[in-house]
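Worksheet for the structure shown next.
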Amino acid sequence: IGLLPNFIVFCQNFSYKFKFDFDFNSMSNDIKQEDLDSFYEEILKDSKDKLTIKDTGERDYQNTVVIKSIQNKRAVYEVGTGGGKSLSIYAIIRFLRVMKKRVLLVVPNIGLVEQMYSDFSDYGWQGLPREVEKLYARYSADFKKHDPKPVLISTWQSLIERPPSFFKEFDAVIVDETHLAKCTSIQKILKMCSKAEYRIGFTGTLPDEKSD
């Protein structure tokens, strides 16, 4: 389904007829900029960091990342080091939580699990311990004692041995350093997130080959 826009262009170029057996409108959200402006103010009211909007100029791409992710539900973004990626991820997750979506955030290593959690705290997420879970170990007795929280930050190494039923709870999956998704384990995790309608990737280095 991620290739749907390419499919449409292909059919139009060759004058092929096609029809959808699903509601095409379900593939996107009608979210406007004004919907987000007041939302940014609320989620960042206790933070020194601000998510710029179109009339301020600097780092407008952060706002673009957020609104396009929510509108289109699927995306891959190339954001360099120091580009404010975690702030964009934070805003996306906070908005998804308003829509009662459960979110899986996959990061490359344990250090980034802690870093993301710390960043979310710095941005002023009230109720962070109640909303966000950190999963480090492949086998964690403590984690099995309770139901997962609505947002889970983990590494793919910690997730790979979980059963398929574990992943069916998530409505959205966000992958940091998504160029590593060529890894079989990450692909397996993404396939097990079969109910995730939001699928968003971030990377500092997109592959040169179009097929990749």
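Order determines the names: the first chain of the structure tokens is A, the second B, and so forth; residues in each chain are numbered 1 upward, and ligands are numbered 1 upward as they are shown.
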
Practice task
Report as a VMD selection string: the residues of range 62-189 of chain A with a DSSP assignment of strand (DSSP E), based on the backbone of this structure.
Solution key: chain A and resid 74 to 78 103 to 107 132 to 135 151 to 155 172 to 176

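Using only C-alpha atoms, the shortest contact distance between Lys68 in chain A and any of A:Leu152, A:Phe22, A:Tyr198, A:Asp171 is found at A:Tyr198.
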
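The list of residues with at least one atom within 10 Å of Pro164 in chain A, based on only C-alpha atoms and without residues fewer than 3 positions apart in the same chain, reads Ile160, Glu161, Phe167, Lys168, Glu169, Lys188, Ile189, Lys191, Met192, Cys193 and Ser194 of chain A.
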
Could you produce a table of the residues of range 43-113 of chain A lying within 12 Å of range 30-39 of chain A, with the nearest pair of atoms per residue and their separation in Å rounded to one decimal, using only C-alpha atoms, ordered by chain and increasing residue number, as a Markdown table?
```
| residue | atom | partner | partner_atom | distance |
| --- | --- | --- | --- | --- |
| A:Ile43 | CA | A:Phe39 | CA | 6.3 |
| A:Leu44 | CA | A:Phe39 | CA | 8.5 |
| A:Lys45 | CA | A:Phe39 | CA | 9.8 |
| A:Lys50 | CA | A:Asp37 | CA | 11.1 |
| A:Leu51 | CA | A:Asp37 | CA | 9.2 |
| A:Thr52 | CA | A:Asp37 | CA | 9.2 |
| A:Ile53 | CA | A:Asp37 | CA | 7.4 |
| A:Lys54 | CA | A:Gln33 | CA | 8.9 |
| A:Asp55 | CA | A:Asp37 | CA | 11.2 |
| A:Asn63 | CA | A:Leu36 | CA | 8.9 |
| A:Thr64 | CA | A:Gln33 | CA | 9.6 |
| A:Val66 | CA | A:Leu36 | CA | 8.9 |
| A:Ile67 | CA | A:Ile31 | CA | 7.3 |
| A:Lys68 | CA | A:Ile31 | CA | 9.0 |
| A:Ser69 | CA | A:Ile31 | CA | 10.2 |
| A:Ile70 | CA | A:Ile31 | CA | 7.2 |
| A:Gln71 | CA | A:Ile31 | CA | 5.9 |
| A:Asn72 | CA | A:Asp30 | CA | 9.1 |
| A:Lys73 | CA | A:Asp30 | CA | 11.1 |
| A:Ala91 | CA | A:Phe39 | CA | 8.9 |
| A:Ile92 | CA | A:Leu36 | CA | 10.4 |
| A:Arg94 | CA | A:Phe39 | CA | 9.3 |
| A:Phe95 | CA | A:Phe39 | CA | 8.2 |
| A:Leu96 | CA | A:Phe39 | CA | 11.9 |
| A:Val98 | CA | A:Phe39 | CA | 10.2 |
```

Practice task
Excluding range 200-206 of chain A and residues on its chain fewer than 2 positions from it, collect all residues at most 7 Å away from it, counting only C-alpha atoms, and give them as a ChimeraX atom specification.
Solution key: /A:74-81,173-179,198,208

Generate the output file for the selected residues, all heavy atoms, as a short mmCIF file (atom, residue, chain, number, x, y, z; two decimals), in the first residue's frame.
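The new file again-v6.cif reads:
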```cif
data_model
loop_
_atom_site.label_atom_id
_atom_site.label_comp_id
_atom_site.auth_asym_id
_atom_site.auth_seq_id
_atom_site.Cartn_x
_atom_site.Cartn_y
_atom_site.Cartn_z
N ARG A 74 1.93 7.67 6.11
CA ARG A 74 3.14 6.94 5.72
C ARG A 74 4.17 7.92 5.18
O ARG A 74 3.84 8.82 4.41
CB ARG A 74 2.84 5.90 4.65
CG ARG A 74 2.03 4.72 5.16
CD ARG A 74 1.56 3.84 4.01
NE ARG A 74 0.81 2.70 4.53
CZ ARG A 74 1.32 1.50 4.76
NH1 ARG A 74 2.59 1.28 4.50
NH2 ARG A 74 0.57 0.54 5.25
N ALA A 75 5.42 7.73 5.58
CA ALA A 75 6.46 8.64 5.08
C ALA A 75 7.83 8.11 5.49
O ALA A 75 7.98 7.35 6.44
CB ALA A 75 6.27 10.04 5.66
N VAL A 76 8.84 8.53 4.72
CA VAL A 76 10.24 8.36 5.11
C VAL A 76 10.90 9.73 5.00
O VAL A 76 10.79 10.38 3.96
CB VAL A 76 10.97 7.35 4.20
CG1 VAL A 76 12.46 7.31 4.54
CG2 VAL A 76 10.36 5.96 4.34
N TYR A 77 11.56 10.16 6.08
CA TYR A 77 12.18 11.49 6.11
C TYR A 77 13.68 11.37 6.28
O TYR A 77 14.17 10.57 7.08
CB TYR A 77 11.62 12.31 7.28
CG TYR A 77 10.15 12.57 7.19
CD1 TYR A 77 9.26 11.90 8.03
CD2 TYR A 77 9.64 13.46 6.26
CE1 TYR A 77 7.89 12.12 7.95
CE2 TYR A 77 8.27 13.69 6.17
CZ TYR A 77 7.41 13.02 7.01
OH TYR A 77 6.06 13.23 6.93
N GLU A 78 14.40 12.20 5.54
CA GLU A 78 15.85 12.31 5.71
C GLU A 78 16.12 13.57 6.53
O GLU A 78 15.88 14.69 6.05
CB GLU A 78 16.55 12.39 4.35
CG GLU A 78 18.06 12.41 4.46
CD GLU A 78 18.74 12.38 3.10
OE1 GLU A 78 18.07 12.71 2.10
OE2 GLU A 78 19.93 12.04 3.04
N VAL A 79 16.57 13.38 7.76
CA VAL A 79 16.85 14.51 8.67
C VAL A 79 18.26 14.31 9.22
O VAL A 79 18.55 13.30 9.85
CB VAL A 79 15.83 14.57 9.82
CG1 VAL A 79 16.15 15.74 10.74
CG2 VAL A 79 14.41 14.68 9.29
N GLY A 80 19.11 15.28 8.98
CA GLY A 80 20.50 15.18 9.41
C GLY A 80 20.67 15.33 10.91
O GLY A 80 19.74 15.72 11.63
N THR A 81 21.88 15.02 11.38
CA THR A 81 22.21 15.16 12.80
C THR A 81 21.99 16.61 13.25
O THR A 81 22.39 17.55 12.58
CB THR A 81 23.68 14.78 13.04
OG1 THR A 81 23.89 13.44 12.58
CG2 THR A 81 24.03 14.87 14.51
N VAL A 173 3.68 2.74 13.92
CA VAL A 173 5.07 2.34 14.18
C VAL A 173 5.99 3.39 13.55
O VAL A 173 5.82 3.77 12.39
CB VAL A 173 5.38 0.93 13.63
CG1 VAL A 173 5.07 0.81 12.14
CG2 VAL A 173 6.81 0.53 13.91
N ILE A 174 6.93 3.88 14.36
CA ILE A 174 7.90 4.88 13.91
C ILE A 174 9.29 4.27 14.07
O ILE A 174 9.61 3.75 15.14
CB ILE A 174 7.79 6.18 14.73
CG1 ILE A 174 6.37 6.76 14.61
CG2 ILE A 174 8.83 7.20 14.29
CD1 ILE A 174 6.12 7.97 15.52
N VAL A 175 10.08 4.32 13.02
CA VAL A 175 11.41 3.70 13.04
C VAL A 175 12.48 4.78 12.87
O VAL A 175 12.51 5.48 11.85
CB VAL A 175 11.56 2.64 11.94
CG1 VAL A 175 12.94 2.00 12.00
CG2 VAL A 175 10.49 1.57 12.07
N ASP A 176 13.32 4.90 13.88
CA ASP A 176 14.47 5.82 13.79
C ASP A 176 15.62 5.08 13.10
O ASP A 176 15.80 3.89 13.30
CB ASP A 176 14.88 6.26 15.20
CG ASP A 176 15.91 7.37 15.17
OD1 ASP A 176 16.07 8.01 14.10
OD2 ASP A 176 16.55 7.61 16.20
N GLU A 177 16.40 5.82 12.31
CA GLU A 177 17.47 5.22 11.49
C GLU A 177 16.88 4.11 10.61
O GLU A 177 17.34 2.96 10.59
CB GLU A 177 18.59 4.68 12.39
CG GLU A 177 19.25 5.71 13.28
CD GLU A 177 19.88 6.85 12.49
OE1 GLU A 177 20.21 6.67 11.29
OE2 GLU A 177 20.03 7.95 13.06
N THR A 178 15.86 4.48 9.87
CA THR A 178 15.08 3.50 9.12
C THR A 178 15.83 2.90 7.93
O THR A 178 15.37 1.93 7.34
CB THR A 178 13.75 4.14 8.65
OG1 THR A 178 12.85 3.11 8.24
CG2 THR A 178 13.99 5.10 7.49
N HIS A 179 16.99 3.48 7.58
CA HIS A 179 17.79 2.84 6.52
C HIS A 179 18.25 1.45 6.95
O HIS A 179 18.63 0.63 6.11
CB HIS A 179 18.98 3.71 6.14
CG HIS A 179 19.93 3.97 7.26
ND1 HIS A 179 19.74 5.00 8.18
CD2 HIS A 179 21.08 3.35 7.63
CE1 HIS A 179 20.72 4.98 9.05
NE2 HIS A 179 21.55 3.99 8.75
N TYR A 198 -0.30 3.87 10.61
CA TYR A 198 0.72 4.91 10.51
C TYR A 198 2.08 4.23 10.52
O TYR A 198 2.41 3.48 11.44
CB TYR A 198 0.63 5.89 11.68
CG TYR A 198 -0.64 6.69 11.68
CD1 TYR A 198 -1.81 6.17 12.24
CD2 TYR A 198 -0.70 7.96 11.12
CE1 TYR A 198 -3.00 6.90 12.23
CE2 TYR A 198 -1.87 8.70 11.12
CZ TYR A 198 -3.02 8.16 11.68
OH TYR A 198 -4.18 8.89 11.66
N ASP A 208 21.17 5.52 -2.02
CA ASP A 208 21.21 6.12 -3.34
C ASP A 208 20.34 5.37 -4.35
O ASP A 208 19.76 5.95 -5.25
CB ASP A 208 22.65 6.19 -3.86
CG ASP A 208 23.51 7.16 -3.04
OD1 ASP A 208 22.93 8.13 -2.51
OD2 ASP A 208 24.71 6.91 -2.91
#
```

Practice task
Find the residues near Lys134 in chain A: any atom within 12 Å, counting only C-alpha atoms, skip ones fewer than 3 places away on the same chain, and give them as a PyMOL selection string.
Solution key: chain A and resi 104-107+109-118+128-131+137+140+142-143+148-155+158-159

Take the residues just selected and output them with N, CA, C and O atoms as a short mmCIF file (atom, residue, chain, number, x, y, z; two decimals), in the first residue's frame.
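The file below, part09.cif, is the result:
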```
data_model
loop_
_atom_site.label_atom_id
_atom_site.label_comp_id
_atom_site.auth_asym_id
_atom_site.auth_seq_id
_atom_site.Cartn_x
_atom_site.Cartn_y
_atom_site.Cartn_z
N LEU A 104 4.41 2.40 18.60
CA LEU A 104 5.69 1.73 18.81
C LEU A 104 6.79 2.56 18.16
O LEU A 104 6.74 2.84 16.97
N LEU A 105 7.77 2.98 18.97
CA LEU A 105 8.92 3.72 18.46
C LEU A 105 10.14 2.83 18.55
O LEU A 105 10.57 2.45 19.63
N VAL A 106 10.71 2.47 17.40
CA VAL A 106 11.86 1.57 17.33
C VAL A 106 13.12 2.39 17.08
O VAL A 106 13.20 3.14 16.10
N VAL A 107 14.11 2.23 17.97
CA VAL A 107 15.38 2.96 17.85
C VAL A 107 16.53 1.95 17.78
O VAL A 107 16.36 0.79 18.17
N ASN A 109 19.48 1.56 19.40
CA ASN A 109 20.23 1.06 20.55
C ASN A 109 19.62 1.56 21.86
O ASN A 109 18.79 2.47 21.87
N ILE A 110 20.08 0.96 22.95
CA ILE A 110 19.54 1.27 24.28
C ILE A 110 19.76 2.74 24.64
O ILE A 110 18.91 3.38 25.26
N GLY A 111 20.92 3.27 24.25
CA GLY A 111 21.20 4.67 24.55
C GLY A 111 20.15 5.60 23.99
O GLY A 111 19.77 6.60 24.63
N LEU A 112 19.64 5.28 22.80
CA LEU A 112 18.62 6.12 22.18
C LEU A 112 17.25 5.91 22.80
O LEU A 112 16.39 6.80 22.72
N VAL A 113 17.02 4.76 23.42
CA VAL A 113 15.78 4.57 24.19
C VAL A 113 15.74 5.62 25.30
O VAL A 113 14.75 6.34 25.48
N GLU A 114 16.84 5.70 26.05
CA GLU A 114 16.93 6.66 27.14
C GLU A 114 16.91 8.10 26.63
O GLU A 114 16.29 8.98 27.23
N GLN A 115 17.59 8.34 25.51
CA GLN A 115 17.67 9.69 24.97
C GLN A 115 16.29 10.19 24.54
O GLN A 115 15.91 11.34 24.83
N MET A 116 15.53 9.34 23.85
CA MET A 116 14.19 9.73 23.42
C MET A 116 13.30 10.02 24.63
O MET A 116 12.58 11.03 24.66
N TYR A 117 13.35 9.15 25.62
CA TYR A 117 12.54 9.33 26.82
C TYR A 117 12.91 10.64 27.52
O TYR A 117 12.05 11.41 27.96
N SER A 118 14.21 10.90 27.61
CA SER A 118 14.70 12.13 28.24
C SER A 118 14.26 13.36 27.45
O SER A 118 13.85 14.37 28.03
N LEU A 128 4.21 11.63 31.46
CA LEU A 128 5.11 10.78 30.67
C LEU A 128 5.24 9.36 31.23
O LEU A 128 5.12 8.39 30.48
N PRO A 129 5.48 9.17 32.54
CA PRO A 129 5.62 7.80 33.06
C PRO A 129 4.37 6.95 32.88
O PRO A 129 4.46 5.73 32.76
N ARG A 130 3.24 7.59 32.86
CA ARG A 130 1.98 6.86 32.70
C ARG A 130 1.76 6.46 31.24
O ARG A 130 1.18 5.42 30.95
N GLU A 131 2.28 7.27 30.31
CA GLU A 131 2.00 7.06 28.89
C GLU A 131 3.07 6.24 28.17
O GLU A 131 2.76 5.53 27.23
N ALA A 137 15.26 -5.26 27.38
CA ALA A 137 15.76 -6.64 27.33
C ALA A 137 14.86 -7.53 26.49
O ALA A 137 13.66 -7.31 26.38
N SER A 140 12.14 -9.72 29.68
CA SER A 140 12.03 -8.83 30.84
C SER A 140 10.84 -9.24 31.68
O SER A 140 9.68 -9.11 31.28
N ASP A 142 9.76 -7.95 34.46
CA ASP A 142 8.98 -6.81 34.91
C ASP A 142 7.99 -6.37 33.84
O ASP A 142 6.87 -5.97 34.13
N PHE A 143 8.43 -6.43 32.56
CA PHE A 143 7.58 -5.95 31.48
C PHE A 143 6.34 -6.83 31.32
O PHE A 143 5.29 -6.38 30.92
N PRO A 148 1.11 -3.31 28.41
CA PRO A 148 1.97 -2.26 27.85
C PRO A 148 1.29 -0.90 27.89
O PRO A 148 0.07 -0.80 27.75
N LYS A 149 2.07 0.13 28.08
CA LYS A 149 1.54 1.49 28.05
C LYS A 149 1.28 1.89 26.59
O LYS A 149 1.74 1.23 25.67
N PRO A 150 0.55 2.99 26.39
CA PRO A 150 0.15 3.35 25.03
C PRO A 150 1.31 3.62 24.07
O PRO A 150 1.17 3.45 22.87
N VAL A 151 2.45 4.06 24.61
CA VAL A 151 3.62 4.32 23.77
C VAL A 151 4.78 3.47 24.28
O VAL A 151 5.09 3.47 25.47
N LEU A 152 5.42 2.75 23.37
CA LEU A 152 6.55 1.90 23.73
C LEU A 152 7.78 2.31 22.93
O LEU A 152 7.73 2.39 21.70
N ILE A 153 8.87 2.60 23.64
CA ILE A 153 10.16 2.88 22.99
C ILE A 153 11.05 1.66 23.21
O ILE A 153 11.26 1.23 24.34
N SER A 154 11.59 1.12 22.14
CA SER A 154 12.42 -0.07 22.29
C SER A 154 13.38 -0.20 21.12
O SER A 154 13.28 0.52 20.12
N THR A 155 14.31 -1.13 21.25
CA THR A 155 15.23 -1.48 20.16
C THR A 155 14.68 -2.70 19.43
O THR A 155 13.92 -3.49 20.00
N SER A 158 15.42 -5.93 21.19
CA SER A 158 14.56 -6.27 22.33
C SER A 158 13.20 -6.78 21.88
O SER A 158 12.52 -7.47 22.64
N LEU A 159 12.80 -6.44 20.67
CA LEU A 159 11.46 -6.76 20.20
C LEU A 159 11.36 -8.06 19.41
O LEU A 159 10.29 -8.67 19.35
#
```

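CA of Ala196 in chain A is positioned 29.8 Å from CA of Ser47 in chain A.
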
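Distance check against Arg199 in chain A using only C-alpha atoms: of A:Val9, A:Ile89, A:Val103, A:Ala172, the minimum falls on A:Ala172.
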
Handout entry: Residues of chain A in alpha helix (DSSP H), written as a ChimeraX atom specification
Key = /A:4-13,33-43,60-72,85-98,110-122,128-131,141-144,156-159,164-167,184-192

Exercise for the section: For each of A:Ser26, A:Asp49, A:Ile8, A:Pro207, take the minimum atom-to-atom distance to Gly124 in chain A, counting only C-alpha atoms, then give the residue where this is smallest. Expected result: A:Asp49
